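Reproduced below: structure.txt, with compact mmCIF, C-alpha atoms.
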# COMPACT_ATOMS: atom_id res chain seq x y z
CA PRO Y 1126 99.99 13.05 127.40
CA THR Y 1127 101.59 11.16 130.26
CA LEU Y 1128 99.21 12.39 133.00
CA ARG Y 1129 96.09 11.43 131.04
CA ARG Y 1130 97.55 8.09 130.06
CA LEU Y 1131 98.52 7.30 133.68
CA SER Y 1132 95.14 8.42 135.00
CA HIS Y 1133 93.36 6.17 132.48
CA TYR Y 1134 95.68 3.30 133.40
CA LEU Y 1135 94.92 3.63 137.15
CA LEU Y 1136 91.17 4.29 137.02
CA ALA Y 1137 90.08 2.18 134.03
CA HIS Y 1138 89.30 -0.92 136.10
CA TYR Y 1139 89.38 0.63 139.59
CA GLN Y 1140 86.61 -0.38 142.01
CA LYS Y 1141 86.19 2.35 144.66
CA GLY Y 1142 83.42 0.51 146.46
CA SER Y 1143 85.73 -1.97 148.24
CA ARG Y 1144 88.74 -1.63 150.49
CA PRO Y 1145 91.89 -1.46 148.31
CA VAL Y 1146 93.70 -4.64 149.40
CA ARG Y 1147 94.43 -7.80 147.45
CA ASP Y 1148 94.10 -10.00 150.55
CA TRP Y 1149 91.04 -9.22 152.67
CA ARG Y 1150 93.01 -10.18 155.80
CA THR Y 1151 95.38 -7.25 155.21
CA THR Y 1152 94.70 -4.26 157.46
CA THR Y 1153 94.66 -0.80 155.92
CA ASN Y 1154 96.79 1.48 158.08
CA VAL Y 1155 95.74 5.14 157.95
CA ALA Y 1156 98.21 7.67 159.35
CA ILE Y 1157 96.63 10.98 160.34
CA ASP Y 1158 97.97 14.37 161.35
CA LEU Y 1159 96.43 17.57 162.67
CA MET Y 1160 97.51 21.21 162.86
CA VAL Y 1161 95.38 23.88 164.52
CA TYR Y 1162 95.01 26.99 162.37
CA ALA Y 1163 92.63 29.13 164.44
CA ILE Y 1164 90.24 29.10 167.40
CA LEU Y 1165 87.09 30.65 165.97
CA SER Y 1166 84.71 30.68 168.94
CA VAL Y 1167 84.01 29.14 172.32
CA ASP Y 1168 80.33 28.92 173.26
CA GLU Y 1169 80.21 28.34 177.01
CA LYS Y 1170 76.42 28.21 177.18
CA ASN Y 1171 76.05 25.45 174.56
CA GLN Y 1172 79.44 23.85 175.36
CA VAL Y 1173 80.61 24.04 171.74
CA LEU Y 1174 84.13 24.73 170.45
CA THR Y 1175 84.64 25.91 166.87
CA THR Y 1176 88.13 25.45 165.43
CA TYR Y 1177 89.75 25.57 162.03
CA ILE Y 1178 92.27 22.77 161.47
CA TRP Y 1179 94.51 21.42 158.75
CA TYR Y 1180 93.86 17.68 158.52
CA ARG Y 1181 96.05 15.14 156.70
CA GLN Y 1182 95.50 11.46 155.91
CA HIS Y 1183 97.94 8.92 154.52
CA TRP Y 1184 97.28 5.31 153.51
CA THR Y 1185 98.40 2.75 150.93
CA ASP Y 1186 96.16 1.73 148.02
CA GLU Y 1187 97.40 -1.52 146.50
CA PHE Y 1188 95.54 -0.88 143.23
CA LEU Y 1189 97.14 2.51 142.57
CA LYS Y 1190 100.70 1.42 141.82
CA TRP Y 1191 102.69 1.82 138.60
CA ASP Y 1192 106.18 1.66 137.15
CA PRO Y 1193 107.52 5.19 136.70
CA ALA Y 1194 109.73 4.00 133.79
CA ARG Y 1195 106.63 3.34 131.69
CA PHE Y 1196 105.28 6.85 132.28
CA ASP Y 1197 108.23 9.20 131.72
CA ASN Y 1198 109.52 8.70 135.30
CA LEU Y 1199 106.31 10.20 136.73
CA THR Y 1200 106.22 9.35 140.45
CA GLN Y 1201 103.21 11.35 141.66
CA ILE Y 1202 99.81 12.26 140.31
CA SER Y 1203 96.68 13.97 141.60
CA LEU Y 1204 93.39 12.12 141.18
CA PRO Y 1205 89.78 13.13 141.92
CA VAL Y 1206 88.80 12.15 145.43
CA GLU Y 1207 85.43 10.89 144.18
CA SER Y 1208 87.14 8.33 141.93
CA ILE Y 1209 89.05 6.36 144.56
CA TRP Y 1210 88.40 4.69 147.88
CA VAL Y 1211 88.65 7.01 150.93
CA PRO Y 1212 88.47 5.81 154.56
CA ASP Y 1213 85.34 6.75 156.48
CA ILE Y 1214 87.15 8.56 159.31
CA LEU Y 1215 85.02 11.06 161.22
CA ILE Y 1216 85.29 13.11 164.40
CA ASN Y 1217 83.13 11.74 167.20
CA GLU Y 1218 82.57 15.16 168.77
CA PHE Y 1219 80.97 16.64 165.63
CA VAL Y 1220 77.79 18.61 166.48
CA ASP Y 1221 77.38 20.55 163.24
CA VAL Y 1222 78.76 20.63 159.73
CA GLY Y 1223 81.20 23.49 159.44
CA LYS Y 1224 81.89 25.69 156.46
CA SER Y 1225 84.87 23.73 155.19
CA PRO Y 1226 86.25 24.29 151.69
CA HIS Y 1227 86.02 21.31 149.37
CA VAL Y 1228 89.34 19.93 148.11
CA PRO Y 1229 88.53 17.72 145.09
CA TYR Y 1230 91.91 15.98 144.62
CA VAL Y 1231 94.31 13.68 146.41
CA TYR Y 1232 97.97 12.95 145.74
CA VAL Y 1233 98.98 9.40 144.76
CA SER Y 1234 102.58 8.18 144.51
CA HIS Y 1235 103.86 5.27 142.38
CA HIS Y 1236 104.10 3.07 145.53
CA GLY Y 1237 100.33 3.42 146.07
CA GLU Y 1238 100.64 5.94 148.89
CA VAL Y 1239 97.64 8.27 148.97
CA GLN Y 1240 97.76 11.66 150.70
CA ASN Y 1241 94.50 13.43 151.45
CA LEU Y 1242 95.14 17.00 152.68
CA LYS Y 1243 92.21 19.25 153.51
CA PRO Y 1244 91.21 22.11 155.86
CA ILE Y 1245 88.17 21.56 158.10
CA GLN Y 1246 86.09 23.92 160.18
CA VAL Y 1247 85.18 21.79 163.17
CA MET Y 1248 82.24 22.45 165.51
CA THR Y 1249 82.64 19.97 168.35
CA ALA Y 1250 81.11 19.38 171.75
CA CYS Y 1251 83.47 20.14 174.61
CA SER Y 1252 83.11 20.09 178.37
CA LEU Y 1253 84.08 23.69 179.20
CA ASP Y 1254 85.02 24.54 182.76
CA ILE Y 1255 84.51 28.28 183.37
CA TYR Y 1256 84.96 28.32 187.15
CA SER Y 1257 88.31 30.12 186.86
CA PHE Y 1258 87.10 32.65 184.24
CA PRO Y 1259 88.83 34.79 182.91
CA PHE Y 1260 91.97 32.80 183.73
CA ASP Y 1261 90.54 29.51 182.48
CA VAL Y 1262 92.33 26.82 180.48
CA GLN Y 1263 90.18 24.53 178.32
CA ASN Y 1264 91.01 21.02 177.17
CA CYS Y 1265 88.90 19.85 174.25
CA SER Y 1266 89.34 16.55 172.43
CA LEU Y 1267 89.03 15.66 168.75
CA THR Y 1268 88.56 11.90 168.33
CA PHE Y 1269 89.20 10.48 164.84
CA THR Y 1270 87.84 7.01 164.21
CA SER Y 1271 86.33 4.89 161.46
CA TRP Y 1272 82.57 4.95 161.77
CA LEU Y 1273 82.06 1.49 160.24
CA HIS Y 1274 85.31 -0.50 159.94
CA HIS Y 1275 86.73 -2.17 163.01
CA ILE Y 1276 90.41 -2.33 163.85
CA ARG Y 1277 91.07 -5.49 161.79
CA ASP Y 1278 90.10 -3.60 158.64
CA ILE Y 1279 91.28 -0.04 159.33
CA ASN Y 1280 93.89 0.83 161.90
CA LEU Y 1281 95.01 4.35 162.81
CA SER Y 1282 98.42 5.75 163.58
CA LEU Y 1283 100.09 9.11 163.97
CA TRP Y 1284 101.80 10.58 160.92
CA ARG Y 1285 104.42 12.57 162.86
CA GLN Y 1286 106.07 12.12 166.25
CA PRO Y 1287 103.90 13.17 169.25
CA GLU Y 1288 106.48 15.78 170.30
CA LEU Y 1289 106.30 17.45 166.89
CA VAL Y 1290 102.51 17.55 167.03
CA LYS Y 1291 102.43 18.85 170.60
CA PHE Y 1292 104.29 22.13 170.11
CA ASP Y 1293 103.54 22.80 166.47
CA ARG Y 1294 102.24 26.39 166.21
CA SER Y 1295 103.60 27.10 162.76
CA VAL Y 1296 100.18 27.75 161.19
CA PHE Y 1297 98.27 28.95 164.25
CA MET Y 1298 96.82 32.48 164.09
CA ASN Y 1299 97.20 33.62 167.69
CA GLN Y 1300 95.76 37.14 167.59
CA GLY Y 1301 92.34 36.32 169.03
CA GLU Y 1302 90.95 35.84 172.51
CA TRP Y 1303 92.42 32.34 172.87
CA GLU Y 1304 95.98 31.14 172.59
CA LEU Y 1305 97.08 27.59 171.80
CA LEU Y 1306 99.19 25.98 174.49
CA TYR Y 1307 99.80 22.53 173.01
CA VAL Y 1308 98.13 19.57 171.27
CA LEU Y 1309 98.39 16.13 172.85
CA SER Y 1310 97.84 12.93 170.88
CA ARG Y 1311 96.94 9.43 172.05
CA PHE Y 1312 95.93 6.18 170.38
CA GLN Y 1313 93.41 3.82 171.96
CA GLU Y 1314 91.00 1.02 171.11
CA PHE Y 1315 87.30 1.42 171.67
CA SER Y 1316 84.53 -1.17 171.83
CA VAL Y 1317 80.80 -1.07 172.60
CA LYS Y 1318 79.07 -3.95 174.44
CA SER Y 1319 81.62 -6.65 173.64
CA SER Y 1320 81.55 -5.92 169.93
CA ASP Y 1321 84.55 -5.58 167.67
CA SER Y 1322 87.11 -3.00 168.66
CA TYR Y 1323 87.60 0.25 166.77
CA ALA Y 1324 90.79 2.26 166.49
CA GLU Y 1325 90.69 5.83 167.81
CA MET Y 1326 93.21 8.64 167.59
CA LYS Y 1327 92.55 11.41 170.12
CA PHE Y 1328 93.94 14.93 169.85
CA TYR Y 1329 93.61 17.09 172.97
CA VAL Y 1330 93.61 20.78 172.04
CA VAL Y 1331 94.61 22.79 175.13
CA ILE Y 1332 93.83 26.50 174.88
CA ARG Y 1333 94.01 29.41 177.32
CA ARG Y 1334 92.00 32.61 177.42
CA ARG Y 1335 93.79 35.95 177.32
CA PRO Y 1336 92.50 37.73 180.46
CA LEU Y 1337 93.66 41.31 179.80
CA PHE Y 1338 90.37 42.56 178.35
CA TYR Y 1339 88.30 41.08 181.18
CA THR Y 1340 90.74 42.34 183.80
CA VAL Y 1341 90.44 45.90 182.53
CA SER Y 1342 86.69 45.89 181.89
CA LEU Y 1343 85.46 43.76 184.81
CA LEU Y 1344 87.92 43.51 187.68
CA LEU Y 1345 89.43 47.01 187.78
CA PRO Y 1346 86.10 48.94 187.94
CA SER Y 1347 84.91 46.66 190.72
CA ILE Y 1348 88.18 47.13 192.62
CA PHE Y 1349 87.94 50.92 192.25
CA LEU Y 1350 84.39 50.96 193.65
CA MET Y 1351 85.44 48.83 196.62
CA VAL Y 1352 88.39 51.16 197.30
CA MET Y 1353 86.04 54.15 197.25
CA ASP Y 1354 83.77 52.35 199.70
CA ILE Y 1355 86.71 51.89 202.09
CA VAL Y 1356 87.71 55.55 201.68
CA GLY Y 1357 84.12 56.53 202.51
CA PHE Y 1358 84.67 55.40 206.10
CA TYR Y 1359 86.83 58.49 206.66
CA LEU Y 1360 83.79 60.75 206.30
CA PRO Y 1361 82.46 61.98 209.70
CA PRO Y 1362 79.87 59.51 210.98
CA HIS Y 1363 77.68 62.21 212.54
CA SER Y 1364 77.08 63.82 209.15
CA GLY Y 1365 74.59 62.48 206.65
CA GLU Y 1366 77.04 62.62 203.76
CA ARG Y 1367 78.39 59.13 204.42
CA VAL Y 1368 74.98 57.49 204.04
CA SER Y 1369 74.29 59.22 200.73
CA PHE Y 1370 77.81 58.38 199.53
CA LYS Y 1371 77.38 54.69 200.35
CA ILE Y 1372 73.96 54.56 198.69
CA THR Y 1373 75.43 56.15 195.56
CA LEU Y 1374 78.20 53.53 195.47
CA LEU Y 1375 75.68 50.71 195.90
CA LEU Y 1376 73.53 52.02 193.05
CA GLY Y 1377 76.61 52.49 190.86
CA TYR Y 1378 77.73 48.91 191.52
CA SER Y 1379 74.23 47.63 190.67
CA VAL Y 1380 74.35 49.43 187.32
CA PHE Y 1381 77.85 48.03 186.75
CA LEU Y 1382 76.61 44.46 187.31
CA ILE Y 1383 73.75 45.00 184.88
CA ILE Y 1384 76.20 46.18 182.23
CA VAL Y 1385 78.68 43.32 182.65
CA SER Y 1386 76.06 40.57 182.99
CA ASP Y 1387 76.20 39.92 179.23
CA THR Y 1388 79.98 39.61 179.31
CA LEU Y 1389 80.08 36.82 181.87
CA PRO Y 1390 79.85 33.27 180.47
CA ALA Y 1391 76.60 31.51 181.28
CA THR Y 1392 76.32 27.76 181.82
CA ALA Y 1393 73.77 25.53 183.46
CA VAL Y 1394 76.49 23.56 185.27
CA GLY Y 1395 78.00 26.15 187.58
CA THR Y 1396 78.83 29.77 188.24
CA PRO Y 1397 82.28 31.22 187.54
CA LEU Y 1398 84.27 32.48 190.48
CA ILE Y 1399 84.14 36.03 189.17
CA GLY Y 1400 80.34 35.94 189.48
CA ILE Y 1401 80.68 34.90 193.11
CA TYR Y 1402 83.23 37.70 193.51
CA PHE Y 1403 80.72 40.29 192.25
CA VAL Y 1404 77.98 38.97 194.54
CA VAL Y 1405 80.29 39.08 197.57
CA CYS Y 1406 81.36 42.63 196.69
CA MET Y 1407 77.71 43.64 196.51
CA ALA Y 1408 77.14 42.01 199.91
CA LEU Y 1409 80.12 43.90 201.35
CA LEU Y 1410 78.70 47.18 200.07
CA VAL Y 1411 75.35 46.38 201.70
CA ILE Y 1412 77.09 45.52 204.98
CA SER Y 1413 79.04 48.77 204.79
CA LEU Y 1414 75.82 50.73 204.28
CA ALA Y 1415 74.15 48.93 207.20
CA GLU Y 1416 77.15 49.72 209.42
CA THR Y 1417 76.97 53.39 208.42
CA ILE Y 1418 73.25 53.55 209.21
CA LEU Y 1419 73.91 52.01 212.63
CA ILE Y 1420 76.65 54.50 213.46
CA VAL Y 1421 74.58 57.47 212.30
CA ARG Y 1422 71.70 56.24 214.44
CA LEU Y 1423 73.95 56.07 217.51
CA VAL Y 1424 75.46 59.52 217.14
CA HIS Y 1425 72.24 61.27 216.12
CA LYS Y 1426 71.11 63.81 218.76
CA GLN Y 1427 67.67 63.20 220.24
CA ASP Y 1428 66.04 64.74 223.28
CA LEU Y 1429 64.69 61.43 224.49
CA GLN Y 1430 67.92 59.51 223.99
CA PRO Y 1431 68.78 57.41 227.09
CA HIS Y 1432 72.12 57.37 228.82
CA VAL Y 1433 74.88 55.07 227.59
CA PRO Y 1434 74.86 51.85 229.66
CA GLU Y 1435 77.84 51.37 231.90
CA TRP Y 1436 78.83 48.06 230.27
CA VAL Y 1437 78.92 49.77 226.89
CA LYS Y 1438 81.17 52.49 228.30
CA HIS Y 1439 83.42 49.86 229.85
CA LEU Y 1440 83.72 47.79 226.66
CA LEU Y 1441 83.99 50.53 224.07
CA LEU Y 1442 85.43 53.57 225.80
CA GLU Y 1443 87.97 51.65 227.89
CA ARG Y 1444 88.64 48.17 226.53
CA ALA Y 1445 88.11 48.83 222.83
CA THR Y 1446 90.22 52.00 222.81
CA ILE Y 1447 93.16 50.07 224.24
CA LEU Y 1448 92.63 47.19 221.81
CA LEU Y 1449 92.33 49.49 218.79
CA CYS Y 1450 95.18 51.75 219.97
CA VAL Y 1451 92.99 54.82 219.64
CA ARG Y 1452 95.05 57.89 220.45
CA ASP Y 1453 92.10 59.88 221.84
CA ARG Y 1454 91.15 57.45 224.55
CA LYS Y 1455 92.43 59.96 227.17
CA LYS Y 1456 89.92 62.45 225.87
CA PHE Y 1457 87.17 59.90 226.35
CA SER Y 1458 88.15 59.34 229.99
CA GLN Y 1459 88.54 63.10 230.56
CA SER Y 1460 85.12 63.76 229.10
CA ARG Y 1461 83.63 61.16 231.43
CA THR Y 1462 85.35 62.83 234.41
CA GLN Y 1463 84.12 66.24 233.29
CA SER Y 1464 80.58 64.98 233.00
CA LEU Y 1465 80.76 63.62 236.55
CA GLU Y 1466 82.09 66.97 237.83
CA ILE Y 1467 79.34 68.83 235.99
CA SER Y 1468 76.69 66.64 237.61
CA ARG Y 1469 78.18 67.33 241.04
CA GLN Y 1470 78.21 71.05 240.40
CA VAL Y 1471 74.60 70.90 239.32
CA GLU Y 1472 73.66 69.25 242.63
CA ASN Y 1473 75.54 71.92 244.60
CA ASN Y 1474 73.83 74.64 242.62
CA ASP Y 1475 70.46 73.08 243.42
CA SER Y 1476 71.10 73.26 247.14
CA THR Y 1477 72.52 76.78 246.92
CA ALA Y 1478 69.83 78.12 244.67
CA LYS Y 1479 67.12 77.18 247.18
CA LEU Y 1480 68.51 79.65 249.78
CA THR Y 1481 67.11 83.17 249.89
CA PRO Y 1482 69.13 86.33 250.57
CA TYR Y 1483 68.15 85.91 254.26
CA GLY Y 1484 69.89 82.52 254.56
CA CYS Y 1485 66.57 80.57 254.57
CA GLU Y 1486 65.46 77.82 252.33
CA ASP Y 1487 61.85 79.03 252.15
CA PRO Y 1488 60.78 82.67 251.62
CA ARG Y 1489 57.92 82.13 254.10
CA GLU Y 1490 60.44 81.42 256.87
CA CYS Y 1491 62.19 84.61 255.94
CA GLY Y 1492 58.85 86.34 256.29
CA ALA Y 1493 58.31 84.73 259.70
CA VAL Y 1494 61.69 85.90 260.91
CA GLY Y 1495 60.99 89.37 259.63
CA GLY Y 1496 57.80 89.34 261.67
CA THR Y 1497 59.75 90.08 264.81
CA ARG Y 1498 60.69 93.40 263.32
CA SER Y 1499 58.46 96.26 262.95
CA THR Y 1500 55.07 95.78 261.36
CA LEU Y 1501 55.48 98.76 259.10
CA ALA Y 1502 58.71 97.44 257.59
CA PHE Y 1503 57.14 94.06 257.03
CA ALA Y 1504 54.10 95.55 255.32
CA GLY Y 1505 56.36 97.60 253.09
CA ARG Y 1506 58.34 94.62 252.05
CA THR Y 1507 55.42 92.26 251.34
CA GLU Y 1508 55.13 93.33 247.75
CA GLY Y 1509 58.91 93.12 247.27
CA LEU Y 1510 58.95 89.56 248.67
CA ALA Y 1511 56.21 88.49 246.27
CA ALA Y 1512 58.12 89.93 243.32
CA LEU Y 1513 61.33 88.31 244.55
CA GLN Y 1514 59.56 84.97 244.93
CA GLU Y 1515 58.31 85.22 241.35
CA VAL Y 1516 61.82 86.04 240.13
CA LEU Y 1517 63.23 83.06 242.02
CA ARG Y 1518 60.60 80.81 240.49
CA GLU Y 1519 61.45 81.95 236.96
CA THR Y 1520 65.17 81.64 237.68
CA THR Y 1521 64.67 78.08 238.95
CA ALA Y 1522 62.75 77.14 235.79
CA ILE Y 1523 65.47 78.61 233.59
CA ARG Y 1524 68.14 76.81 235.59
CA GLN Y 1525 66.29 73.48 235.26
CA LEU Y 1526 65.92 74.01 231.52
CA LEU Y 1527 69.64 74.70 231.15
CA GLU Y 1528 70.51 71.70 233.29
CA LYS Y 1529 68.29 69.48 231.19
CA ARG Y 1530 69.78 70.84 228.01
CA GLU Y 1531 73.29 70.26 229.36
CA GLU Y 1532 72.30 66.75 230.32
CA PHE Y 1533 71.05 66.08 226.80
CA ARG Y 1534 74.32 67.41 225.44
CA ASP Y 1535 76.29 65.13 227.74
CA VAL Y 1536 74.22 62.12 226.62
CA ALA Y 1537 74.69 63.06 222.97
CA ARG Y 1538 78.42 63.53 223.56
CA GLU Y 1539 78.68 60.10 225.16
CA TRP Y 1540 76.82 58.43 222.29
CA LEU Y 1541 79.05 60.30 219.84
CA GLN Y 1542 82.12 58.90 221.57
CA VAL Y 1543 80.63 55.40 221.51
CA GLY Y 1544 79.78 55.84 217.82
CA TYR Y 1545 83.30 56.92 216.93
CA VAL Y 1546 84.91 53.98 218.72
CA LEU Y 1547 82.39 51.51 217.28
CA ASP Y 1548 82.94 53.00 213.82
CA VAL Y 1549 86.70 52.45 214.07
CA LEU Y 1550 86.13 48.89 215.31
CA LEU Y 1551 83.71 47.95 212.54
CA PHE Y 1552 85.85 49.67 209.91
CA ARG Y 1553 88.88 47.60 210.85
CA VAL Y 1554 86.84 44.39 210.87
CA TYR Y 1555 85.41 45.31 207.45
CA LEU Y 1556 88.87 46.17 206.12
CA ALA Y 1557 90.29 42.86 207.39
CA ALA Y 1558 87.46 40.95 205.68
CA VAL Y 1559 88.01 42.78 202.37
CA LEU Y 1560 91.78 42.20 202.50
CA ALA Y 1561 91.40 38.50 203.32
CA TYR Y 1562 88.88 38.08 200.50
CA SER Y 1563 91.10 39.95 198.02
CA ILE Y 1564 94.21 37.97 198.96
CA THR Y 1565 92.33 34.67 198.58
CA LEU Y 1566 90.99 35.55 195.13
CA GLY Y 1567 94.33 36.99 194.01
CA THR Y 1568 96.13 33.83 195.08
CA LEU Y 1569 93.66 31.57 193.26
CA TRP Y 1570 93.79 33.58 190.04
CA SER Y 1571 97.58 33.85 190.12
CA VAL Y 1572 97.85 30.07 190.52
CA TRP Y 1573 95.51 29.52 187.59
CA ARG Y 1574 97.34 32.11 185.51
CA ASP Y 1575 100.72 30.45 186.04
CA ALA Y 1576 99.40 26.90 185.67
Give the structure from the file, written as structure tokens.
Amino acid sequence: PTLRRLSHYLLAHYQKGSRPVRDWRTTTNVAIDLMVYAILSVDEKNQVLTTYIWYRQHWTDEFLKWDPARFDNLTQISLPVESIWVPDILINEFVDVGKSPHVPYVYVSHHGEVQNLKPIQVMTACSLDIYSFPFDVQNCSLTFTSWLHHIRDINLSLWRQPELVKFDRSVFMNQGEWELLYVLSRFQEFSVKSSDSYAEMKFYVVIRRRPLFYTVSLLLPSIFLMVMDIVGFYLPPHSGERVSFKITLLLGYSVFLIIVSDTLPATAVGTPLIGIYFVVCMALLVISLAETILIVRLVHKQDLQPHVPEWVKHLLLERATILLCVRDRKKFSQSRTQSLEISRQVENNDSTAKLTPYGCEDPRECGAVGGTRSTLAFAGRTEGLAALQEVLRETTAIRQLLEKREEFRDVAREWLQVGYVLDVLLFRVYLAAVLAYSITLGTLWSVWRDA
């Protein structure tokens, strides 16, 4: 048969141990091509990229030529790859041997052109930058070069035009986590310590992560918890429900971080921005809880609570209400005026309560005045005066107790007003910080997403 006869003709005296050129000064030019089939995995911790590519080689073997007229016009034949010379072209970034299928044959044309087509599972080292996770774009290189032969023996070139290689997604399976953006190609010469130069063909595989899964599972729950923390400021500060609500949110966010810790990429180089985002959100929740504890401490009623200092009243009840445009600032000023009027009335009642029914300040003086009257009337009224004096003493004690209680209520009311104004002030500062932080992160991620 023609195929067997041609194969015997080509391989009978073939020497695969030497480079297939008749003149040793002739350079063997190897044209290579690459098509990305799938992105299998990206290991951020070990900085390893696993891809599946279709790799093609093309070179000319001067000892594999024949006249098609002598072999029934046969212009192409497949020969075992172990029987002919194959260039020693490897990938510099190889870190492990992948599970690549073995293709035992190559195609040879009657002009001596050899085509070696094979799929390769490539596990390569890659410098992965995860700072912008989950909107990150990775650029990993695959460098093809001859491990032994310098550029005078084996030179490399690109099989197709760079534009065709760049946007070729015809065989790419794009249903995974990563999508292929483009593949750049570049030729360069490489030398080590003034030795002979080697030819290198670099392919830059640029891929982008699909962020939808991480947006739904990581960002949205965190945003919802932060929104609930902001809504919690509308609970009354004098009730204890706000503190328990904030503590519950903080515990829930801690559990959320424990759950998502395995999802975040881990590297020894740096921390992704989303990790910093979670830490800052936790810090904001702690600050919110501390602010709530402070406000509850201010508005809590205590019998030994001191009066509000005048400078605090001036700053919060007058200046801050105007600055914050609080609608109830008139009530604050009216309550202060009412408290002053109550204190004046208390002083008037003190002076009035000390007078007896006889118009005297002391019951003894009333007794002395009554001494000018008849002795019998005075003796009859002695017991009544003692009972009246005891009643006045009890009434004075009750009045002092009520005055003290009213004073405590006024102090508590003042601290409550201060707490409300301070709560509004801190809430707006907290809200401004959260909005500024959210706008900054949103801008950064949108820029990375559209890059």
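For the set Y:Pro1226, Y:Val1380, Y:Glu1169, Y:Lys1291, the residue with the smallest atom-to-atom gap to Val1330 in chain Y is Y:Lys1291, counting all atoms listed in the file.
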Pairwise distance for CA of Met1248 in chain Y and CA of Glu1314 in chain Y, rounded to one decimal in Å: 23.8 Å
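Straight-line separation from CA of Asp1221 in chain Y to CA of Leu1253 in chain Y: 17.6 Å.
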Given all atoms listed in the file as the counted atoms, nearest of Y:Val1341, Y:Leu1389, Y:Val1368, Y:Leu1267 to Ile1420 in chain Y: Y:Val1368
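Straight-line separation from CA of Glu1302 in chain Y to CA of Asp1254 in chain Y: 16.4 Å.
These residues, each with an atom at most 12 Å from (75.6, 47.4, 204.6) using all atoms listed in the file, are Asp1354, Val1368, Lys1371, Ile1372, Leu1374, Leu1375, Val1405, Cys1406, Met1407, Ala1408, Leu1409, Leu1410, Val1411, Ile1412, Ser1413, Leu1414, Ala1415, Glu1416, Thr1417, Ile1418, Leu1419, Ile1420, Leu1551, Phe1552 and Tyr1555 of chain Y.
Proximity ranking of Y:Glu1508, Y:Asp1192, Y:Asp1158, Y:Glu1238 relative to Thr1268 in chain Y places Y:Asp1158 first, based on only C-alpha atoms.
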Adding 6 Å on each side of the box along x, y and z that holds all listed atoms of range 1135-1140 of chain Y, could you give its centre and edge lengths in Å to one decimal, as lines of an AutoDock Vina configuration file?
center_x = 90.8
center_y = 1.7
center_z = 138.0
size_x = 20.3
size_y = 17.2
size_z = 20.0
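Near (82.0, 16.5, 176.7), the residues inside the 9 Å limit, counting only C-alpha atoms, come to Gln1172, Glu1218, Ala1250, Cys1251, Ser1252, Leu1253, Cys1265 and Ser1266 of chain Y.
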From Y:Thr1176, Y:Asn1198, Y:His1138, Y:Trp1570, residue lying nearest Val1262 in chain Y [all atoms listed in the file]: Y:Trp1570
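Restricting the calculation to all atoms listed in the file, the smallest distance between Thr1249 in chain Y and any of Y:Tyr1359, Y:Phe1403, Y:Tyr1177, Y:Phe1188 is found for Y:Tyr1177.
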Residue contacts of Gln1300 in chain Y (12 Å, all atoms listed in the file) excluding same-chain residues fewer than 4 positions away, as a PyMOL selection string: chain Y and resi 1162-1165+1304-1305+1334-1335
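Residue neighbourhood of Val1231 in chain Y, excluding near-sequence residues (fewer than 4 positions): Y:Ser1203, Y:Leu1204, Y:Pro1205, Y:Val1206, Y:Val1239, Y:Gln1240, Y:Asn1241, Y:Leu1242, at 8 Å, using only C-alpha atoms.
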Those residues you just picked out, can you put them in a file as a PDB file, keeping the file's coordinate frame with C-alpha atoms?
ATOM      1  CA  SER Y1203      96.680  13.970 141.600  1.00  0.00           C
ATOM      2  CA  LEU Y1204      93.390  12.120 141.180  1.00  0.00           C
ATOM      3  CA  PRO Y1205      89.780  13.130 141.920  1.00  0.00           C
ATOM      4  CA  VAL Y1206      88.800  12.150 145.430  1.00  0.00           C
ATOM      5  CA  VAL Y1239      97.640   8.270 148.970  1.00  0.00           C
ATOM      6  CA  GLN Y1240      97.760  11.660 150.700  1.00  0.00           C
ATOM      7  CA  ASN Y1241      94.500  13.430 151.450  1.00  0.00           C
ATOM      8  CA  LEU Y1242      95.140  17.000 152.680  1.00  0.00           C
TER       9      LEU Y1242
END
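Nearest residue to Ile1157 in chain Y among Y:Ser1271, Y:Thr1127, Y:Thr1175, Y:Ser1282 is Y:Ser1282, counting all atoms listed in the file.
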Output range 1224-1230 of chain Y with N, CA and C atoms present, as a CSV table (one decimal), in the coordinates of the input.
chain,number,residue,atom,x,y,z
Y,1224,LYS,N,81.7,25.2,157.8
Y,1224,LYS,CA,81.9,25.7,156.5
Y,1224,LYS,C,83.3,25.4,156.0
Y,1225,SER,N,83.5,24.2,155.6
Y,1225,SER,CA,84.9,23.7,155.2
Y,1225,SER,C,85.0,23.8,153.7
Y,1226,PRO,N,86.1,24.3,153.2
Y,1226,PRO,CA,86.2,24.3,151.7
Y,1226,PRO,C,86.4,22.9,151.2
Y,1227,HIS,N,85.9,22.6,150.0
Y,1227,HIS,CA,86.0,21.3,149.4
Y,1227,HIS,C,87.3,21.2,148.5
Y,1228,VAL,N,88.1,20.2,148.9
Y,1228,VAL,CA,89.3,19.9,148.1
Y,1228,VAL,C,89.1,18.7,147.2
Y,1229,PRO,N,89.0,18.8,145.9
Y,1229,PRO,CA,88.5,17.7,145.1
Y,1229,PRO,C,89.6,16.7,144.7
Y,1230,TYR,N,90.9,16.9,145.1
Y,1230,TYR,CA,91.9,16.0,144.6
Y,1230,TYR,C,92.7,15.4,145.8
